[in-house]
file structure-v6.txt (compact mmCIF, C-alpha atoms and all ligand atoms)
# COMPACT_ATOMS: atom_id res chain seq x y z
CA MET W 1 0.00 0.00 0.00
CA ILE W 2 1.36 3.42 -0.92
CA LEU W 3 1.30 5.64 2.16
CA PRO W 4 1.11 9.45 2.04
CA ILE W 5 4.28 11.20 3.18
CA ASN W 6 4.32 13.78 5.93
CA THR W 7 6.11 17.04 5.19
CA TYR W 8 8.34 19.60 6.88
CA SER W 9 5.90 21.27 9.28
CA ASP W 10 4.06 18.13 10.44
CA GLU W 11 4.42 17.45 14.16
CA VAL W 12 5.29 13.74 13.72
CA LEU W 13 8.56 14.76 12.01
CA HIS W 14 9.66 16.72 15.07
CA GLN W 15 9.09 14.02 17.69
CA LYS W 16 11.41 11.40 19.12
CA ALA W 17 10.13 8.05 17.89
CA LYS W 18 9.62 5.04 20.19
CA PRO W 19 11.64 1.80 20.04
CA LEU W 20 10.01 -1.37 18.73
CA LYS W 21 9.74 -4.46 20.93
CA GLY W 22 9.45 -6.86 18.02
CA VAL W 23 8.15 -7.33 14.49
CA ASP W 24 4.57 -8.57 14.29
CA ALA W 25 2.36 -8.95 11.21
CA GLU W 26 1.33 -5.28 11.31
CA ILE W 27 4.89 -4.00 11.47
CA SER W 28 5.85 -6.42 8.72
CA ALA W 29 3.03 -5.05 6.54
CA LEU W 30 4.16 -1.50 7.36
CA ILE W 31 7.70 -2.37 6.25
CA ASP W 32 6.35 -3.64 2.90
CA SER W 33 4.28 -0.48 2.49
CA MET W 34 7.28 1.70 3.33
CA PHE W 35 9.36 0.04 0.60
CA GLU W 36 6.48 0.48 -1.84
CA SER W 37 5.97 4.13 -0.87
CA MET W 38 9.70 4.86 -1.07
CA GLU W 39 9.96 3.31 -4.52
CA ASN W 40 6.83 5.16 -5.70
CA ALA W 41 8.41 8.45 -4.60
CA SER W 42 11.83 7.54 -6.12
CA GLY W 43 13.37 7.77 -2.65
CA ILE W 44 16.46 5.95 -1.41
CA GLY W 45 15.48 5.99 2.26
CA LEU W 46 12.29 6.34 4.30
CA ALA W 47 11.79 6.54 8.05
CA ALA W 48 8.53 5.49 9.75
CA PRO W 49 7.76 9.03 11.07
CA GLN W 50 7.63 10.18 7.43
CA VAL W 51 4.55 7.99 6.98
CA GLY W 52 3.05 9.12 10.27
CA CYS W 53 4.36 6.34 12.53
CA SER W 54 6.44 7.51 15.46
CA ILE W 55 8.49 4.31 15.80
CA ARG W 56 12.22 3.59 15.40
CA LEU W 57 12.09 1.91 12.00
CA LEU W 58 13.57 2.88 8.64
CA VAL W 59 14.08 1.31 5.25
CA LEU W 60 16.58 2.13 2.55
CA ASP W 61 17.50 0.98 -0.92
CA ILE W 62 20.32 2.72 -2.75
CA SER W 63 20.64 0.08 -5.49
CA CYS W 64 19.21 2.53 -8.06
CA MET W 65 22.34 4.68 -7.65
CA LYS W 66 25.30 4.34 -9.95
CA SER W 67 28.04 2.06 -8.50
CA TYR W 68 25.71 0.91 -5.68
CA GLU W 69 23.72 -1.58 -7.79
CA ASP W 70 24.84 -4.53 -5.64
CA VAL W 71 23.89 -3.01 -2.29
CA GLN W 72 21.00 -4.92 -0.73
CA PRO W 73 17.94 -3.05 0.59
CA MET W 74 17.97 -2.70 4.38
CA VAL W 75 15.41 -2.68 7.18
CA VAL W 76 16.81 -0.97 10.28
CA ILE W 77 15.01 -1.13 13.62
CA ASN W 78 16.05 0.55 16.89
CA PRO W 79 19.37 1.85 15.47
CA ASN W 80 22.09 2.95 17.85
CA VAL W 81 25.17 4.73 16.50
CA LEU W 82 28.05 3.41 18.61
CA ALA W 83 30.90 5.38 17.00
CA VAL W 84 31.57 7.88 14.22
CA ARG W 85 34.72 8.71 12.22
CA GLY W 86 35.68 11.42 9.75
CA LYS W 87 33.52 14.12 8.23
CA ASN W 88 32.27 14.93 4.77
CA LEU W 89 30.00 17.46 3.14
CA MET W 90 27.31 16.13 0.82
CA GLU W 91 24.16 17.50 -0.75
CA GLU W 92 20.97 15.97 0.64
CA GLY W 93 17.29 16.06 -0.11
CA CYS W 94 14.29 14.54 1.63
CA LEU W 95 10.87 13.27 0.56
CA SER W 96 9.44 15.29 3.47
CA VAL W 97 11.04 18.50 2.18
CA PRO W 98 10.11 18.32 -1.53
CA GLY W 99 12.13 20.43 -3.93
CA VAL W 100 14.81 21.44 -1.40
CA GLN W 101 18.47 20.40 -1.49
CA GLY W 102 21.30 21.49 0.73
CA ASP W 103 24.81 20.63 1.88
CA VAL W 104 25.07 18.80 5.20
CA LEU W 105 28.26 17.99 7.11
CA ARG W 106 28.17 14.53 8.70
CA PRO W 107 30.58 11.83 9.90
CA SER W 108 31.78 9.78 6.92
CA GLU W 109 31.76 6.42 8.75
CA ILE W 110 29.61 5.00 11.50
CA THR W 111 29.48 1.87 13.64
CA LEU W 112 25.83 0.94 13.97
CA LYS W 113 24.00 -1.51 16.19
CA TYR W 114 20.49 -2.27 14.92
CA ARG W 115 17.91 -4.97 14.48
CA ASP W 116 16.81 -6.27 11.08
CA ARG W 117 13.41 -7.32 9.78
CA ASN W 118 13.64 -10.59 11.77
CA PHE W 119 14.58 -8.57 14.89
CA GLN W 120 18.07 -10.09 14.77
CA GLU W 121 20.72 -7.80 16.22
CA HIS W 122 23.72 -6.69 14.11
CA THR W 123 26.71 -4.43 14.71
CA GLU W 124 28.26 -3.23 11.44
CA GLU W 125 30.44 -0.49 10.03
CA PHE W 126 29.07 1.72 7.25
CA SER W 127 30.78 4.29 5.05
CA GLY W 128 30.05 6.21 1.85
CA MET W 129 26.46 6.58 0.69
CA LEU W 130 25.09 3.99 3.15
CA ALA W 131 26.54 5.88 6.13
CA ARG W 132 25.07 9.09 4.74
CA VAL W 133 21.55 7.73 4.15
CA LEU W 134 21.51 5.85 7.47
CA GLN W 135 22.39 9.01 9.41
CA HIS W 136 19.77 11.06 7.54
CA GLU W 137 17.09 8.45 8.33
CA ILE W 138 18.17 7.98 11.95
CA ASP W 139 17.84 11.76 12.34
CA HIS W 140 14.17 11.37 11.35
CA LEU W 141 13.68 9.03 14.33
CA ASN W 142 14.99 11.78 16.60
CA GLY W 143 12.83 14.54 15.13
CA THR W 144 15.65 16.16 13.15
CA LEU W 145 15.48 17.09 9.46
CA PHE W 146 18.47 17.68 7.21
CA VAL W 147 17.54 21.36 6.94
CA ASP W 148 18.13 21.60 10.71
CA ARG W 149 21.76 20.59 10.07
CA MET W 150 22.43 23.06 7.26
CA GLU W 151 24.65 26.10 7.81
CA LYS W 152 22.53 28.99 9.13
CA ARG W 153 23.18 31.05 6.03
CA ASP W 154 22.11 28.20 3.70
CA ARG W 155 19.05 27.59 5.83
CA ARG W 156 18.01 31.25 5.59
CA ARG W 157 18.25 30.98 1.83
CA ILE W 158 15.67 28.18 1.70
CA GLN W 159 13.32 29.51 4.41
CA GLN W 160 10.77 30.73 1.85
CA GLU W 161 10.70 27.27 0.25
CA LEU W 162 10.12 25.71 3.69
CA ASP W 163 7.31 28.18 4.38
CA ASP W 164 5.74 27.27 1.04
CA ILE W 165 5.87 23.55 1.91
CA ALA W 166 4.28 24.29 5.29
CA ALA W 167 1.55 26.26 3.53
CA GLY W 168 0.86 23.29 1.24
CA LEU W 169 1.93 25.23 -1.85
CA VAL W 170 4.60 22.79 -3.07
CA PRO W 171 3.42 19.92 -5.27
CA ALA W 172 5.15 16.53 -5.16
CA ASP W 173 5.07 13.55 -7.50
CA TYR W 174 3.80 11.35 -4.65
CA PRO W 175 0.93 11.53 -2.14
CA ILE W 176 1.44 14.01 0.70
CA ALA W 177 -0.21 13.49 4.09
CA ARG W 178 -2.53 16.11 5.51
CA GLU W 179 -1.12 17.31 8.80
CA CYS W 180 -4.26 16.63 10.82
CA SER W 181 -4.84 13.12 9.46
CA ARG W 182 -2.45 11.26 11.74
CA SER W 183 -1.31 11.61 15.31
CA GLY W 184 1.69 9.34 14.94
CA GLU W 185 -0.12 6.49 16.68
CA GLY W 186 -2.79 5.78 14.06
CA PRO W 187 -4.04 2.34 13.05
CA ALA W 188 -1.58 2.13 10.17
CA CYS W 189 1.29 2.39 12.66
CA MET W 190 0.83 -0.19 15.37
NI NI P 201 14.41 12.43 4.83
call {"tool": "encode", "arguments": {"input": "structure-v6.txt", "output": "structure tokens", "more": "lines below"}}
Ligand code: NI
result
Amino acid sequence: MILPINTYSDEVLHQKAKPLKGVDAEISALIDSMFESMENASGIGLAAPQVGCSIRLLVLDISCMKSYEDVQPMVVINPNVLAVRGKNLMEEGCLSVPGVQGDVLRPSEITLKYRDRNFQEHTEEFSGMLARVLQHEIDHLNGTLFVDRMEKRDRRRIQQELDDIAAGLVPADYPIARECSRSGEGPACM
């Protein structure tokens, strides 16, 4: 099922999401819907709060990107960044901030503990594009958007675009959620 995506000013994107205790049939169905919604929107990562569910779950698939064709899609539950190394500046965008791009400085490598779709625990190192997308999506679980990490001057430059998104004036190629339609704990979430 393709789920509508919450945008910039929606409250669910500014909350700290709750950990999952396991993966039941409903969460499993949500994971499938998140992959479908991400693909429909041509995204490479999607966090549960972006579809109105305030839980610590994200999916990503960067295999559509050049030189990442062999990277398997990932389901990441209850992620915990144990260590970071290096820094790099990269341009980011977000399905919740349609039409906006901006440079964000982030660690270039991370050590991540997380649970997969079967709730099995893993501790792995990530670098390059995977480290970048993982950190962007984990930010969503903590109520942070990439625009919050942009240099103040860059952020000022895009403020009008953000205001336009908040006012519902920016069209997207995928369904956008209405702010009042979900509380973050709706039936599609849990
Ligand atoms: Ni995003």
call {"tool": "residues_around", "arguments": {"input": "structure-v6.txt", "residues": "W:Ile110", "least_positions_apart": "6", "cutoff": "6 Å", "atoms": "all atoms listed in the file", "output": "ChimeraX atom specification"}}
result
/W:83-84,125-126
call {"tool": "residues_near_point", "arguments": {"input": "structure-v6.txt", "point": "(2.3, 12.9, 1.1)", "cutoff": "9 Å", "atoms": "only C-alpha atoms", "output": "PyMOL selection string"}}
result
chain W and resi 3-7+50-51+95-96+172+174-178
call {"tool": "axis_aligned_box", "arguments": {"input": "structure-v6.txt", "around": "stretch 30-44 of chain W", "padding_each_side": "4 Å", "output": "AutoDock Vina command-line options"}}
result
--center_x 10.3 --center_y 2.4 --center_z 0.6 --size_x 20.3 --size_y 20.1 --size_z 21.5
call {"tool": "residues_near_point", "arguments": {"input": "structure-v6.txt", "point": "(8.7, 8.0, 17.1)", "cutoff": "7 Å", "atoms": "all atoms listed in the file", "output": "PyMOL selection string"}}
result
chain W and resi 15-18+49+53-56+141
call {"tool": "closest_residue", "arguments": {"input": "structure-v6.txt", "among": "W:Met150, W:Val133, W:Met74, W:Leu82", "to": "ligand NI 201 (chain P)", "atoms": "all atoms listed in the file"}}
result
W:Val133
call {"tool": "closest_atom_pairs", "arguments": {"input": "structure-v6.txt", "of": "chain W", "to": "ligand NI 201 (chain P)", "cutoff": "12 Å", "atoms": "only C-alpha atoms and all ligand atoms", "output": "CSV"}}
result
residue,atom,partner,partner_atom,distance
W:Ile5,CA,P:NI201,NI,10.3
W:Asn6,CA,P:NI201,NI,10.2
W:Thr7,CA,P:NI201,NI,9.5
W:Tyr8,CA,P:NI201,NI,9.6
W:Leu13,CA,P:NI201,NI,9.6
W:Met38,CA,P:NI201,NI,10.7
W:Ala41,CA,P:NI201,NI,11.9
W:Gly43,CA,P:NI201,NI,8.9
W:Ile44,CA,P:NI201,NI,9.2
W:Gly45,CA,P:NI201,NI,7.0
W:Leu46,CA,P:NI201,NI,6.5
W:Ala47,CA,P:NI201,NI,7.2
W:Ala48,CA,P:NI201,NI,10.3
W:Pro49,CA,P:NI201,NI,9.7
W:Gln50,CA,P:NI201,NI,7.6
W:Val51,CA,P:NI201,NI,11.0
W:Leu58,CA,P:NI201,NI,10.3
W:Val59,CA,P:NI201,NI,11.1
W:Leu60,CA,P:NI201,NI,10.8
W:Glu92,CA,P:NI201,NI,8.6
W:Gly93,CA,P:NI201,NI,6.8
W:Cys94,CA,P:NI201,NI,3.8
W:Leu95,CA,P:NI201,NI,5.6
W:Ser96,CA,P:NI201,NI,5.9
W:Val97,CA,P:NI201,NI,7.4
W:Pro98,CA,P:NI201,NI,9.7
W:Val100,CA,P:NI201,NI,11.0
W:Gln101,CA,P:NI201,NI,11.0
W:Arg132,CA,P:NI201,NI,11.2
W:Val133,CA,P:NI201,NI,8.6
W:Leu134,CA,P:NI201,NI,10.0
W:Gln135,CA,P:NI201,NI,9.8
W:His136,CA,P:NI201,NI,6.2
W:Glu137,CA,P:NI201,NI,5.9
W:Ile138,CA,P:NI201,NI,9.2
W:Asp139,CA,P:NI201,NI,8.3
W:His140,CA,P:NI201,NI,6.6
W:Leu141,CA,P:NI201,NI,10.1
W:Asn142,CA,P:NI201,NI,11.8
W:Gly143,CA,P:NI201,NI,10.6
W:Thr144,CA,P:NI201,NI,9.2
W:Leu145,CA,P:NI201,NI,6.7
W:Phe146,CA,P:NI201,NI,7.1
W:Val147,CA,P:NI201,NI,9.7
W:Asp148,CA,P:NI201,NI,11.5
call {"tool": "closest_residue", "arguments": {"input": "structure-v6.txt", "among": "W:Tyr68, W:Glu151, W:His14, W:Ala29", "to": "W:Gly52", "atoms": "only C-alpha atoms"}}
result
W:His14
call {"tool": "residues_around", "arguments": {"input": "structure-v6.txt", "residues": "W:Ser127", "least_positions_apart": "4", "cutoff": "7 Å", "atoms": "only C-alpha atoms", "output": "ChimeraX atom specification"}}
result
/W:108-110,131
call {"tool": "write_last_selection", "arguments": {"input": "structure-v6.txt", "atoms": "C-alpha atoms", "output": "compact mmCIF listing (two decimals), in the coordinates of the input"}}
result
# COMPACT_ATOMS: atom_id res chain seq x y z
CA SER W 108 31.78 9.78 6.92
CA GLU W 109 31.76 6.42 8.75
CA ILE W 110 29.61 5.00 11.50
CA ALA W 131 26.54 5.88 6.13
call {"tool": "closest_residue", "arguments": {"input": "structure-v6.txt", "among": "W:Gly99, W:Gly128, W:Phe35, W:Ser67", "to": "W:Gln160", "atoms": "only C-alpha atoms"}}
result
W:Gly99
call {"tool": "atom_distance", "arguments": {"input": "structure-v6.txt", "atom1": "atom CA of W:Glu39", "atom2": "atom CA of W:Ile27"}}
result
18.3 Å
call {"tool": "closest_residue", "arguments": {"input": "structure-v6.txt", "among": "W:Ser9, W:Gln120, W:Asn88, W:Ser37", "to": "W:Asp61", "atoms": "all atoms listed in the file"}}
result
W:Ser37
call {"tool": "atom_distance", "arguments": {"input": "structure-v6.txt", "atom1": "atom CA of W:Gly86", "atom2": "atom CA of W:Ile62"}}
result
21.6 Å
call {"tool": "closest_residue", "arguments": {"input": "structure-v6.txt", "among": "W:Gln72, W:Asn78, W:Gln159, W:Ser28", "to": "W:Lys113", "atoms": "only C-alpha atoms"}}
result
W:Asn78
